[in-house]
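J.: Sharing a structure here in structure tokens format.
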Amino acid sequence: MTERPGPDPAAAAEAAQDAMRRLARPPSGAEQGAFFTSDLTVNEFLLVREAGFRPLGLVLGSSVYHVGIQLGRWTKNQELTKLSQAMYHARELAMSRMEAEASALGADGIVGVRLDIEFREFGSDVAEFIAVGTAVKADGADPGPAGTWLNNKGRPFTSNLSGQDFWTLVRAGYAPVDLVMGSCVYHVAHQRFTQALGNVGRNTEIEPFTQALYDARGLAMSRMKAEGQALDAEGIVAVDLRQHAHRWGGHTTEFFAVGTAVRPLRDDHEIERPTLVLGLDG
């Protein structure tokens with residue numbers, strides 16, 4: 001789970017055709033190619049334009065996925081590897097389809113990417129994994145020595161940064177490379193009856209629980225880090241470490257780490273001084 005594979009060629013071609021049908025139809029009277037859609041706020045849109053990028057359209061990828069079950073020892077802390085792989089693969093499918101839409105539009109990158117999970121009524125173990133963001137094209141932004149804004153896999157960059165953070169990153173001399181992620185579904189051992197009884201009325205750390213959650217977070221973070229290193233990134237910013245119980249029950253949980261891998265555009269990184277703003281409200 002350290003490297004995101006490329007999208008299936010047939011699926012990518014189908015997604016690209018769908019993207020063009022959905023995105024390349026401007027309203028009556030609009031100039032072909034000039035009309036765009038975006039989920040950026042007004043401030044984000046203007047800052048992305050100020051950073052030298054032109055929005056092309058809202059792109060998305062979706063995967064309705066059946067997440068199976070995996071049996072484990074009731075009294076043992078352990079990763080449920082099949083579930084970890086399922087949760088990762090479902091998100092990867094959604095991301096790859098979103099990237100295919102962006103590539104079909106000739107985008108250099110995707111900003112403001114969101115990864116969401118919604119459980120549907122098709123069944124208790126069926127969920128839709130959704131990736132959505134705004135495809136952008138470089139419009140005067142200098143990609144630095146690399147000569148391109150595409151990442152080292154030849155794909156549009158992806159980033160979960162807001163428009164404001166994206167502007168700050170580019171102005172300071174860094175470029176987003178890709179949205180990197182790591183997942184770990186972990187079973188936390190149940191306490192034996194005698195152990196639970198011994199804790200009644202006492203303030204005491206439950207060390208097996210502490211160690212389980214520590215290990216699970218560490219696995220998710222290490223997988224995200226490995227993805228960033230595979231992209232030759234300098235580091236990962238805007239890391240978000242989430243915990244999801246989903247529908248597995250109280251002793252099984254997922255830790256999901258996601259962030260934006262970045263590379264330098266130049267050797268000097270000048271950060272503009274913040275402007276002091278005084279509110280006039282009482």
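Labels for the structure tokens follow display order: chains A, B, ..., residues from 1 in each chain, ligands from 1.
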Contacts of stretch 166-176 of chain A at 8 Å or less, counting only C-alpha atoms, minus same-chain residues fewer than 2 places along, as number ranges by chain?

T.: A: 47-48, 50-51, 111, 143, 149, 157-159, 161-164, 178, 260-272

J.: Env of A:Glu128: 8 Å cut, atoms = only C-alpha atoms, seq-sep filter 4 positions within chain, self excluded. Answer as a list in words.

T.: Ser62, Ser63, Val64, Tyr65, Ile117, Glu118, Phe119 and Arg120 of chain A

J.: Using only C-alpha atoms for the distances, tell me which of A:Leu83, A:Met181, A:Val67, A:Gly52 is nearest to A:Met95.

T.: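 Checking each candidate against A:Met95, we get A:Met181 as the closest.
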
J.: With distances taken over only C-alpha atoms, which of A:Thr81, A:Thr41, A:Thr275, A:Ser96 is nearest to A:Ile130?

T.: A:Ser96

J.: Could you give me, as a ChimeraX atom specification, each residue of stretch 86-184 of chain A that DSSP assigns to strand (DSSP E or B) when run on this structure's backbone?

T.: /A:109-119,126-138,157-158,174-184

J.: Extract, using only C-alpha atoms, all DNA, RNA and protein residues at most 12 Å from stretch 88-90 of chain A, discarding same-chain residues fewer than 6 positions from it, and format them as a CSV table (one decimal) with C-alpha atoms, in the first residue's frame.

T.:
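For reference, selection09.csv as written:
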chain,number,residue,atom,x,y,z
A,1,MET,CA,0.0,0.0,0.0
A,2,THR,CA,3.0,2.3,-0.5
A,3,GLU,CA,2.4,3.2,-4.1
A,4,ARG,CA,-0.8,4.1,-5.9
A,5,PRO,CA,-1.1,2.1,-9.1
A,6,GLY,CA,-2.2,3.8,-12.3
A,7,PRO,CA,-5.8,3.6,-13.3
A,61,GLY,CA,-14.3,9.9,-8.9
A,62,SER,CA,-16.6,7.4,-7.3
A,63,SER,CA,-16.4,3.8,-6.2
A,64,VAL,CA,-19.2,1.8,-4.6
A,65,TYR,CA,-17.4,-0.9,-2.7
A,66,HIS,CA,-18.4,-3.9,-0.6
A,67,VAL,CA,-16.1,-4.1,2.4
A,81,THR,CA,-5.0,-6.5,6.8
A,82,LYS,CA,-7.7,-7.4,4.4
A,96,SER,CA,-7.7,7.4,-10.0
A,97,ARG,CA,-11.1,8.1,-11.7
A,115,LEU,CA,-12.2,12.3,0.2
A,116,ASP,CA,-15.5,11.2,1.6
A,117,ILE,CA,-17.2,8.0,2.5
A,126,VAL,CA,-21.6,-1.2,1.1
A,127,ALA,CA,-20.1,2.3,1.0
A,128,GLU,CA,-19.5,4.9,-1.7
A,129,PHE,CA,-16.0,6.3,-1.7
A,130,ILE,CA,-15.9,9.8,-3.4
A,131,ALA,CA,-13.0,12.0,-4.5
A,180,VAL,CA,-0.7,10.8,-0.3
A,181,MET,CA,-2.5,8.5,2.2
A,182,GLY,CA,-2.2,5.5,4.5
A,183,SER,CA,-4.9,3.3,6.1
A,184,CYS,CA,-4.9,0.9,8.9
A,185,VAL,CA,-8.0,-1.1,10.2
A,220,ALA,CA,-1.3,4.6,8.9
A,223,ARG,CA,2.2,4.2,4.8
A,224,MET,CA,1.4,7.8,4.0
A,254,GLU,CA,-9.7,2.6,11.0
A,255,PHE,CA,-7.0,5.2,11.2
A,256,PHE,CA,-6.6,7.1,8.0
A,257,ALA,CA,-3.7,9.5,7.3
A,258,VAL,CA,-3.8,11.9,4.4

J.: Could you make a table, as CSV, of the residues of stretch 82-160 of chain A that have an atom within 10 Å of an atom of stretch 233-244 of chain A, each with its nearest atom pair and distance in Å to one decimal, counting only C-alpha atoms, in chain and number order?

T.:
residue,atom,partner,partner_atom,distance
A:Asn151,CA,A:Ala233,CA,9.7
A:Asn152,CA,A:Ala233,CA,9.7
A:Ser159,CA,A:Ala238,CA,9.4
A:Asn160,CA,A:Ala238,CA,7.7

J.: Go ahead and write the residues just picked, N, CA and C atoms, as a PDB file, in the first residue's frame.

T.:
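What landed in selection.pdb:
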ATOM      1  N   ASN A 151       3.290  15.394 -11.764  1.00  0.00           N
ATOM      2  CA  ASN A 151       4.204  14.730 -10.833  1.00  0.00           C
ATOM      3  C   ASN A 151       5.107  13.746 -11.586  1.00  0.00           C
ATOM      4  N   ASN A 152       5.972  13.063 -10.849  1.00  0.00           N
ATOM      5  CA  ASN A 152       6.955  12.207 -11.525  1.00  0.00           C
ATOM      6  C   ASN A 152       6.360  10.924 -12.084  1.00  0.00           C
ATOM      7  N   SER A 159      -4.066  17.776  -4.428  1.00  0.00           N
ATOM      8  CA  SER A 159      -3.769  18.442  -3.162  1.00  0.00           C
ATOM      9  C   SER A 159      -5.057  18.675  -2.387  1.00  0.00           C
ATOM     10  N   ASN A 160      -4.991  18.492  -1.081  1.00  0.00           N
ATOM     11  CA  ASN A 160      -6.140  18.788  -0.224  1.00  0.00           C
ATOM     12  C   ASN A 160      -6.045  20.182   0.389  1.00  0.00           C
TER      13      ASN A 160
END

J.: Just give me the gap between atom CA of A:Asp232 and atom CA of A:Gly154 in Å, one decimal is fine.

T.: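 Answer for the atom CA of A:Asp232 to atom CA of A:Gly154 separation: 13.3 Å.
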
J.: At a cut-off of 9 Å, using only C-alpha atoms, what residues contact A:Gly106? Leave out same-chain residues fewer than 2 positions from it and give the result as a list in words.

T.: Leu56, Glu101, Ala102, Ser103, Ala104, Asp108, Ala135, Val136, Lys137 and Pro156 of chain A

J.: Could you please take those selected residues and save N, CA and C atoms as a PDB file, in the first residue's frame?

T.:
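Ended up saving to result.pdb:
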ATOM      1  N   LEU A  56     -10.457  24.622 -14.572  1.00  0.00           N
ATOM      2  CA  LEU A  56     -11.030  24.012 -15.767  1.00  0.00           C
ATOM      3  C   LEU A  56     -12.397  23.398 -15.499  1.00  0.00           C
ATOM      4  N   GLU A 101     -10.435  12.066 -15.080  1.00  0.00           N
ATOM      5  CA  GLU A 101     -11.244  13.184 -15.550  1.00  0.00           C
ATOM      6  C   GLU A 101     -10.382  14.431 -15.746  1.00  0.00           C
ATOM      7  N   ALA A 102      -9.488  14.698 -14.781  1.00  0.00           N
ATOM      8  CA  ALA A 102      -8.631  15.880 -14.885  1.00  0.00           C
ATOM      9  C   ALA A 102      -7.702  15.778 -16.094  1.00  0.00           C
ATOM     10  N   SER A 103      -7.143  14.587 -16.321  1.00  0.00           N
ATOM     11  CA  SER A 103      -6.254  14.400 -17.477  1.00  0.00           C
ATOM     12  C   SER A 103      -7.011  14.620 -18.779  1.00  0.00           C
ATOM     13  N   ALA A 104      -8.276  14.183 -18.816  1.00  0.00           N
ATOM     14  CA  ALA A 104      -9.077  14.364 -20.025  1.00  0.00           C
ATOM     15  C   ALA A 104      -9.318  15.833 -20.323  1.00  0.00           C
ATOM     16  N   ASP A 108      -3.261  20.407 -15.228  1.00  0.00           N
ATOM     17  CA  ASP A 108      -1.950  20.203 -14.608  1.00  0.00           C
ATOM     18  C   ASP A 108      -2.078  19.712 -13.169  1.00  0.00           C
ATOM     19  N   ALA A 135     -10.122  20.834 -11.067  1.00  0.00           N
ATOM     20  CA  ALA A 135      -8.999  20.703 -11.991  1.00  0.00           C
ATOM     21  C   ALA A 135      -8.528  22.093 -12.426  1.00  0.00           C
ATOM     22  N   VAL A 136      -7.204  22.275 -12.461  1.00  0.00           N
ATOM     23  CA  VAL A 136      -6.645  23.574 -12.821  1.00  0.00           C
ATOM     24  C   VAL A 136      -5.550  23.409 -13.870  1.00  0.00           C
ATOM     25  N   LYS A 137      -5.336  24.477 -14.636  1.00  0.00           N
ATOM     26  CA  LYS A 137      -4.290  24.523 -15.651  1.00  0.00           C
ATOM     27  C   LYS A 137      -3.360  25.679 -15.336  1.00  0.00           C
ATOM     28  N   PRO A 156      -1.556  14.596 -13.227  1.00  0.00           N
ATOM     29  CA  PRO A 156      -1.801  15.892 -12.583  1.00  0.00           C
ATOM     30  C   PRO A 156      -1.569  15.796 -11.074  1.00  0.00           C
TER      31      PRO A 156
END

J.: So, with only C-alpha atoms as the atoms that count, which of A:Glu44, A:Thr252, A:Leu60, A:Leu219 lies closest to A:Arg114?

T.: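 Of the candidates, the smallest distance to A:Arg114 is held by A:Leu60.
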